[in-house]
$ cat target-v2.txt   # compact mmCIF, C-alpha atoms and all ligand atoms
# COMPACT_ATOMS: atom_id res chain seq x y z
CA MET A 1 0.00 0.00 0.00
CA ARG A 2 2.60 2.52 -1.15
CA PHE A 3 0.04 5.20 -2.06
CA THR A 4 -2.31 5.31 0.92
CA GLY A 5 -3.56 8.90 1.28
CA LYS A 6 -2.05 9.96 -2.06
CA LYS A 7 -4.08 11.68 -4.76
CA ALA A 8 -3.23 10.96 -8.38
CA LEU A 9 -4.33 12.24 -11.78
CA VAL A 10 -4.00 9.87 -14.76
CA THR A 11 -4.45 11.06 -18.35
CA GLY A 12 -5.39 8.62 -21.09
CA ALA A 13 -7.10 6.66 -18.33
CA ALA A 14 -9.39 4.76 -20.73
CA GLY A 15 -6.48 3.40 -22.79
CA GLY A 16 -4.55 0.17 -22.57
CA ILE A 17 -1.85 1.29 -20.14
CA GLY A 18 -4.11 3.90 -18.50
CA GLN A 19 -6.83 1.51 -17.29
CA THR A 20 -4.25 -0.83 -15.78
CA LEU A 21 -2.38 2.06 -14.19
CA VAL A 22 -5.54 3.40 -12.54
CA ARG A 23 -6.39 -0.06 -11.11
CA MET A 24 -2.86 -0.60 -9.81
CA LEU A 25 -2.66 2.84 -8.14
CA GLN A 26 -6.03 2.25 -6.47
CA ALA A 27 -4.97 -1.25 -5.35
CA GLU A 28 -2.10 0.40 -3.45
CA GLY A 29 -4.33 2.94 -1.73
CA ALA A 30 -4.32 5.97 -4.05
CA GLN A 31 -7.38 8.07 -4.78
CA VAL A 32 -7.35 8.50 -8.52
CA ALA A 33 -8.82 11.23 -10.72
CA VAL A 34 -9.12 10.03 -14.30
CA THR A 35 -9.26 11.95 -17.53
CA ASP A 36 -9.87 10.84 -21.12
CA ARG A 37 -12.50 11.56 -23.71
CA ASP A 38 -14.90 9.11 -22.00
CA THR A 39 -14.10 7.74 -18.56
CA SER A 40 -17.60 6.45 -17.76
CA ALA A 41 -16.49 2.79 -17.78
CA ILE A 42 -13.67 3.40 -15.28
CA THR A 43 -13.96 3.12 -11.53
CA ALA A 44 -12.35 6.23 -10.10
CA GLN A 45 -12.65 8.76 -7.29
CA ALA A 46 -13.13 11.65 -9.75
CA HIS A 47 -13.88 11.80 -13.47
CA PHE A 48 -12.88 14.62 -15.80
CA ASP A 49 -13.93 13.87 -19.36
CA GLY A 50 -12.41 16.20 -21.92
CA ASP A 51 -10.14 16.71 -24.87
CA LEU A 52 -6.46 17.26 -24.15
CA LEU A 53 -6.30 19.41 -27.28
CA ASP A 54 -8.47 21.92 -25.39
CA THR A 55 -5.82 24.16 -23.84
CA GLY A 56 -8.22 25.65 -21.29
CA PHE A 57 -9.20 22.16 -20.14
CA CYS A 58 -5.55 21.23 -19.53
CA ASP A 59 -4.71 24.49 -17.77
CA ALA A 60 -7.64 24.12 -15.37
CA LEU A 61 -7.50 20.38 -14.70
CA PRO A 62 -4.91 20.15 -11.90
CA GLY A 63 -6.77 22.88 -9.96
CA GLN A 64 -10.04 21.05 -10.46
CA VAL A 65 -8.51 17.85 -9.11
CA VAL A 66 -7.31 19.68 -6.00
CA ALA A 67 -10.76 21.26 -5.56
CA GLU A 68 -12.52 17.90 -5.85
CA MET A 69 -10.07 15.55 -4.11
CA GLY A 70 -8.30 17.91 -1.71
CA GLY A 71 -4.82 17.56 -3.23
CA LEU A 72 -2.63 16.34 -6.04
CA ASP A 73 0.45 14.25 -5.22
CA ILE A 74 0.98 12.29 -8.44
CA LEU A 75 0.47 13.27 -12.07
CA CYS A 76 0.78 10.58 -14.74
CA ASN A 77 0.92 12.08 -18.23
CA ASN A 78 0.07 8.82 -19.97
CA ALA A 79 -2.22 9.86 -22.86
CA GLY A 80 -0.71 9.73 -26.30
CA VAL A 81 -1.42 9.36 -29.99
CA ILE A 82 0.74 7.81 -32.68
CA THR A 83 1.00 9.24 -36.18
CA ARG A 84 2.58 6.98 -38.76
CA GLY A 85 4.31 7.61 -42.05
CA ASP A 86 7.36 9.52 -43.24
CA ILE A 87 7.38 13.32 -43.23
CA THR A 88 5.88 13.63 -46.71
CA ALA A 89 2.88 11.58 -45.57
CA THR A 90 2.09 13.77 -42.57
CA SER A 91 -0.41 16.62 -42.70
CA ASP A 92 -0.71 19.85 -40.73
CA GLU A 93 -3.56 18.17 -38.83
CA ASP A 94 -1.26 15.23 -37.92
CA TYR A 95 1.31 17.72 -36.62
CA ALA A 96 -1.21 19.65 -34.52
CA LEU A 97 -2.73 16.45 -33.11
CA THR A 98 0.54 14.74 -32.24
CA MET A 99 2.27 17.74 -30.74
CA GLY A 100 -0.96 18.84 -29.03
CA VAL A 101 -1.65 15.56 -27.22
CA ASN A 102 1.90 14.26 -26.70
CA VAL A 103 3.71 17.50 -25.88
CA GLU A 104 1.52 20.56 -25.30
CA ALA A 105 -0.99 18.84 -23.01
CA PRO A 106 1.69 17.42 -20.65
CA PHE A 107 3.47 20.80 -20.77
CA ARG A 108 0.29 22.57 -19.68
CA LEU A 109 -0.60 19.96 -17.05
CA CYS A 110 2.91 20.09 -15.55
CA ARG A 111 2.87 23.89 -15.57
CA ALA A 112 -0.43 23.97 -13.70
CA ALA A 113 0.36 21.06 -11.34
CA ILE A 114 3.83 22.10 -10.18
CA PRO A 115 2.80 25.17 -8.12
CA LEU A 116 0.01 23.14 -6.49
CA MET A 117 2.44 20.34 -5.62
CA ALA A 118 5.03 22.83 -4.37
CA GLU A 119 2.47 24.45 -2.04
CA ASN A 120 1.83 21.01 -0.61
CA GLY A 121 5.49 20.13 -0.02
CA GLY A 122 6.17 18.13 -3.20
CA GLY A 123 4.91 15.46 -5.52
CA ALA A 124 5.78 13.12 -8.36
CA ILE A 125 5.17 13.47 -12.09
CA VAL A 126 5.62 10.47 -14.36
CA ASN A 127 5.53 11.14 -18.07
CA THR A 128 5.18 8.45 -20.71
CA SER A 129 7.76 8.89 -23.43
CA SER A 130 8.92 5.95 -25.57
CA CYS A 131 12.15 4.19 -26.42
CA TRP A 132 11.65 6.02 -29.72
CA GLY A 133 11.99 9.26 -27.76
CA LEU A 134 15.55 8.17 -26.98
CA ARG A 135 16.47 6.71 -30.39
CA PRO A 136 14.32 7.17 -33.48
CA GLY A 137 12.47 4.33 -35.14
CA SER A 138 11.94 4.66 -38.88
CA ASN A 139 9.02 6.32 -40.64
CA HIS A 140 7.37 7.92 -37.59
CA PRO A 141 9.08 11.35 -37.41
CA LEU A 142 6.15 13.14 -35.78
CA TYR A 143 5.65 10.55 -33.05
CA VAL A 144 9.39 10.24 -32.47
CA MET A 145 9.96 13.99 -32.15
CA SER A 146 6.98 14.33 -29.82
CA LYS A 147 8.34 11.58 -27.57
CA ALA A 148 11.82 13.14 -27.66
CA ALA A 149 10.22 16.44 -26.63
CA ILE A 150 8.47 14.91 -23.62
CA ALA A 151 11.72 13.15 -22.67
CA SER A 152 13.53 16.50 -22.80
CA LEU A 153 10.78 18.23 -20.83
CA THR A 154 11.12 15.50 -18.19
CA GLN A 155 14.86 16.08 -17.86
CA CYS A 156 14.38 19.86 -17.63
CA LEU A 157 11.62 19.72 -15.02
CA GLY A 158 13.38 16.97 -13.08
CA ARG A 159 16.32 19.32 -12.62
CA ASP A 160 14.35 22.55 -12.15
CA HIS A 161 11.85 21.36 -9.53
CA ALA A 162 13.79 18.85 -7.42
CA HIS A 163 14.46 21.63 -4.90
CA GLN A 164 10.69 21.86 -4.32
CA GLY A 165 10.43 18.14 -3.57
CA ILE A 166 8.85 17.52 -6.97
CA ARG A 167 10.33 14.57 -8.86
CA VAL A 168 9.71 14.38 -12.60
CA ASN A 169 10.66 11.18 -14.43
CA ALA A 170 9.59 9.30 -17.54
CA VAL A 171 9.02 5.74 -18.59
CA CYS A 172 10.17 4.87 -22.12
CA PRO A 173 8.52 1.65 -23.28
CA ASN A 174 9.17 -0.33 -26.42
CA GLU A 175 6.10 -2.11 -27.87
CA VAL A 176 3.16 -2.62 -25.49
CA ASN A 177 0.14 -4.83 -26.15
CA THR A 178 -2.55 -2.12 -26.15
CA PRO A 179 -5.18 -0.73 -28.55
CA MET A 180 -2.57 1.77 -29.83
CA LEU A 181 -0.39 -1.06 -31.13
CA ARG A 182 -3.19 -3.43 -32.16
CA THR A 183 -5.24 -0.88 -34.11
CA GLY A 184 -2.04 0.08 -35.95
CA PHE A 185 -1.74 -3.50 -37.18
CA ALA A 186 -5.42 -3.65 -38.08
CA ILE A 187 -5.18 -0.39 -40.09
CA ARG A 188 -2.28 -1.85 -42.05
CA GLY A 189 -4.31 -5.00 -42.83
CA PHE A 190 -2.60 -7.42 -40.42
CA ASP A 191 -4.34 -9.69 -37.93
CA PRO A 192 -3.41 -8.12 -34.54
CA ASP A 193 -3.00 -11.50 -32.74
CA GLU A 194 -0.73 -12.89 -35.45
CA ALA A 195 1.24 -9.65 -35.63
CA VAL A 196 1.72 -9.55 -31.85
CA ALA A 197 2.86 -13.21 -31.85
CA LYS A 198 5.44 -12.35 -34.51
CA LEU A 199 6.56 -9.30 -32.58
CA ASN A 200 6.88 -11.37 -29.40
CA ALA A 201 9.56 -13.46 -31.14
CA SER A 202 11.63 -10.30 -31.69
CA VAL A 203 11.91 -9.50 -27.97
CA PRO A 204 14.75 -11.15 -26.02
CA ILE A 205 12.57 -11.63 -22.92
CA GLY A 206 10.02 -13.47 -25.12
CA HIS A 207 7.05 -11.10 -25.42
CA ILE A 208 6.16 -7.47 -25.97
CA ALA A 209 5.15 -5.67 -22.77
CA GLU A 210 1.75 -6.13 -21.23
CA PRO A 211 0.30 -2.91 -19.76
CA ASP A 212 1.03 -3.98 -16.15
CA GLU A 213 4.73 -4.36 -16.99
CA ILE A 214 4.83 -0.66 -17.86
CA ALA A 215 2.44 0.44 -15.09
CA ASP A 216 4.67 -1.29 -12.49
CA VAL A 217 7.56 0.97 -13.51
CA ILE A 218 5.32 4.06 -13.44
CA LEU A 219 4.24 3.11 -9.90
CA PHE A 220 7.88 2.68 -8.89
CA LEU A 221 8.78 6.13 -10.27
CA ALA A 222 5.78 7.65 -8.46
CA SER A 223 6.68 5.94 -5.19
CA ASP A 224 9.04 6.77 -2.37
CA ALA A 225 11.34 3.98 -3.55
CA ALA A 226 12.36 6.36 -6.37
CA ARG A 227 12.83 9.30 -3.98
CA TYR A 228 16.29 10.17 -5.35
CA MET A 229 15.28 9.95 -9.04
CA CYS A 230 14.78 13.30 -10.77
CA GLY A 231 14.69 13.69 -14.56
CA ALA A 232 15.37 10.01 -15.26
CA LEU A 233 14.30 8.40 -18.54
CA VAL A 234 13.70 4.73 -17.75
CA GLU A 235 13.73 2.46 -20.79
CA VAL A 236 11.51 -0.60 -20.40
CA ASN A 237 12.09 -2.85 -23.38
CA GLY A 238 12.40 -6.55 -22.46
CA GLY A 239 15.93 -6.43 -23.83
CA LYS A 240 14.87 -5.20 -27.27
CA PRO A 241 16.73 -2.08 -28.37
CA VAL A 242 15.54 0.23 -31.11
CA THR A 243 17.30 -0.77 -34.31
N1 LIG A 301 1.49 0.80 -27.02
C1 LIG A 301 2.77 0.97 -27.27
O1 LIG A 301 3.39 0.17 -27.99
C2 LIG A 301 3.52 2.14 -26.68
C3 LIG A 301 4.92 2.16 -26.76
C4 LIG A 301 5.61 3.24 -26.22
C5 LIG A 301 4.92 4.27 -25.61
N2 LIG A 301 3.56 4.23 -25.55
C6 LIG A 301 2.88 5.36 -24.92
O2 LIG A 301 2.09 4.89 -23.84
C7 LIG A 301 1.02 5.81 -23.60
C8 LIG A 301 -0.29 5.04 -23.45
O3 LIG A 301 -0.55 4.43 -24.69
P1 LIG A 301 -1.44 3.12 -24.90
O4 LIG A 301 -0.60 2.15 -25.62
O5 LIG A 301 -2.12 2.76 -23.62
O6 LIG A 301 -2.46 3.72 -25.98
P2 LIG A 301 -4.05 3.74 -26.04
O7 LIG A 301 -4.35 4.24 -27.40
O8 LIG A 301 -4.62 2.45 -25.59
O9 LIG A 301 -4.42 4.85 -24.96
C9 LIG A 301 -4.20 6.23 -25.14
C10 LIG A 301 -5.34 6.99 -24.48
O10 LIG A 301 -5.11 8.40 -24.67
C11 LIG A 301 -6.36 9.00 -24.92
N3 LIG A 301 -6.26 10.22 -25.72
C12 LIG A 301 -5.67 10.36 -26.93
N4 LIG A 301 -5.91 11.60 -27.41
C13 LIG A 301 -6.64 12.26 -26.47
C14 LIG A 301 -7.18 13.55 -26.39
N5 LIG A 301 -7.05 14.46 -27.39
N6 LIG A 301 -7.87 13.90 -25.28
C15 LIG A 301 -8.05 13.01 -24.28
N7 LIG A 301 -7.55 11.75 -24.30
C16 LIG A 301 -6.86 11.38 -25.39
C17 LIG A 301 -7.13 7.96 -25.75
O11 LIG A 301 -8.54 8.19 -25.73
C18 LIG A 301 -6.71 6.66 -25.11
O12 LIG A 301 -7.62 6.21 -24.13
C19 LIG A 301 1.04 6.80 -24.78
O13 LIG A 301 1.67 8.00 -24.39
C20 LIG A 301 1.88 6.08 -25.81
O14 LIG A 301 2.50 6.96 -26.72
C21 LIG A 301 2.84 3.18 -26.05

$ encode --input "target-v2.txt" --output "structure tokens"
Amino acid sequence: MRFTGKKALVTGAAGGIGQTLVRMLQAEGAQVAVTDRDTSAITAQAHFDGDLLDTGFCDALPGQVVAEMGGLDILCNNAGVITRGDITATSDEDYALTMGVNVEAPFRLCRAAIPLMAENGGGAIVNTSSCWGLRPGSNHPLYVMSKAAIASLTQCLGRDHAHQGIRVNAVCPNEVNTPMLRTGFAIRGFDPDEAVAKLNASVPIGHIAEPDEIADVILFLASDAARYMCGALVEVNGGKPVT
């Protein structure tokens, strides 16, 4: 019960990693506020449905969580979108969507949450980057640059706000078995189960990550066990590097 009495906000709470993360935080005692476009199917202590592309929504959200739950100790910037294709295949809309959800929303949420955490003596922010934020994979320049940006933001904030007792770190997964990955296969005409089985064979540990294998690392980074970690980018890849 590492999070008894702690109040957390999870973005992308209706997604593959998000739903698991919410359950695991609650199982260890946290009160969790969830946000996504539709959180009605999720058991949580507070629900904030909205669009992370709405800048006013992001700016106000941490304050609303404090008003409703009485505090904010942990912020998990987990929501994300993936845009595929080389640069010539990406539109202005792809750019605005990818940078808006993956970079601007966490930027705004961190900017609003940090003063509230500081007032309360500290807190932990865990961003979700990607191993592609550390080394680029091919043909996804928008996604890769957005994940590099959130990795860089994590390092900056980890350094700048440690003195306030606020730790900012990021998890950098390789492939995870979630709707983001599976719908990508389906869009490209592959059977998701067959494609995942093939992908499993490419990972030294024997399988791509399940959501709990990423959420466990997020919980660690949010917990007191990581109390000396500030600005760390933790790659979680089952032994599979980006090639
Ligand atoms: N699945 C992978 O292989 C993988 C690998 C590395 C990193 N990641 C990262 O992990 C995080 C979680 O991804 P996932 O695999 O669970 O994906 P997912 O698609 O299952 O979940 C993402 C969630 O974000 C929400 N979201 C997206 N745009 C939004 C918006 N404008 N407003 C509100 N909510 C919005 C979606 O509704 C969805 O519930 C993402 O940041 C992703 O980039 C995933």

$ residues_near_ligand --input "target-v2.txt" --ligand "ligand LIG 301 (chain A)" --cutoff "6 Å" --atoms "all atoms listed in the file" --output "VMD selection string"
chain A and resid 12 to 18 36 to 37 50 to 53 78 to 81 101 128 to 130 173 to 181

$ residues_around --input "target-v2.txt" --residues "Gly121 (chain A)" --least-positions-apart "4" --cutoff "12 Å" --atoms "only C-alpha atoms" --output "PDB file with C-alpha atoms, in the frame of the given file"
ATOM      1  CA  GLY A  71      -4.820  17.560  -3.230  1.00  0.00           C
ATOM      2  CA  LEU A  72      -2.630  16.340  -6.040  1.00  0.00           C
ATOM      3  CA  ASP A  73       0.450  14.250  -5.220  1.00  0.00           C
ATOM      4  CA  ILE A 114       3.830  22.100 -10.180  1.00  0.00           C
ATOM      5  CA  PRO A 115       2.800  25.170  -8.120  1.00  0.00           C
ATOM      6  CA  LEU A 116       0.010  23.140  -6.490  1.00  0.00           C
ATOM      7  CA  MET A 117       2.440  20.340  -5.620  1.00  0.00           C
ATOM      8  CA  HIS A 161      11.850  21.360  -9.530  1.00  0.00           C
ATOM      9  CA  ALA A 162      13.790  18.850  -7.420  1.00  0.00           C
ATOM     10  CA  HIS A 163      14.460  21.630  -4.900  1.00  0.00           C
ATOM     11  CA  GLN A 164      10.690  21.860  -4.320  1.00  0.00           C
ATOM     12  CA  GLY A 165      10.430  18.140  -3.570  1.00  0.00           C
ATOM     13  CA  ILE A 166       8.850  17.520  -6.970  1.00  0.00           C
ATOM     14  CA  ARG A 167      10.330  14.570  -8.860  1.00  0.00           C
TER      15      ARG A 167
END

$ atom_distance --input "target-v2.txt" --atom1 "CA of Asn139 (chain A)" --atom2 "CA of Thr243 (chain A)"
12.6 Å

$ closest_residue --input "target-v2.txt" --among "A:Leu75, A:Gly231, A:Gly63, A:Gln31" --to "Gly158 (chain A)" --atoms "all atoms listed in the file"
A:Gly231

$ residues_around --input "target-v2.txt" --residues "Phe48 (chain A)" --least-positions-apart "5" --cutoff "9 Å" --atoms "all atoms listed in the file" --output "PyMOL selection string"
chain A and resi 33-39+61+64-65

$ closest_residue --input "target-v2.txt" --among "A:Ile74, A:Leu219, A:Ala44, A:Val66" --to "Gly123 (chain A)" --atoms "all atoms listed in the file"
A:Ile74

$ atom_distance --input "target-v2.txt" --atom1 "CA of Ala197 (chain A)" --atom2 "CA of Val234 (chain A)"
25.3 Å

$ atom_distance --input "target-v2.txt" --atom1 "CA of Gly206 (chain A)" --atom2 "CA of Cys172 (chain A)"
18.6 Å

$ residues_around --input "target-v2.txt" --residues "Gly137 (chain A)" --least-positions-apart "5" --cutoff "8 Å" --atoms "all atoms listed in the file" --output "list of chain:residue names"
A:Trp132, A:Val144, A:Val242, A:Thr243

$ closest_residue --input "target-v2.txt" --among "A:Arg159, A:Asn169, A:Ala148, A:Leu9" --to "Pro136 (chain A)" --atoms "all atoms listed in the file"
A:Ala148

$ closest_residue --input "target-v2.txt" --among "A:Cys58, A:Gly70, A:Ser138, A:Arg84" --to "Ala105 (chain A)" --atoms "all atoms listed in the file"
A:Cys58

$ closest_residue --input "target-v2.txt" --among "A:Asp94, A:Glu68, A:Asp160, A:Asp193" --to "Val32 (chain A)" --atoms "only C-alpha atoms"
A:Glu68

$ closest_residue --input "target-v2.txt" --among "A:Val236, A:Leu153, A:Ala60, A:Ala96" --to "Asn77 (chain A)" --atoms "only C-alpha atoms"
A:Leu153

$ residues_around --input "target-v2.txt" --residues "Ile208 (chain A)" --least-positions-apart "3" --cutoff "10 Å" --atoms "only C-alpha atoms" --output "PyMOL selection string"
chain A and resi 173-177+196-205+211+213+237-238+240
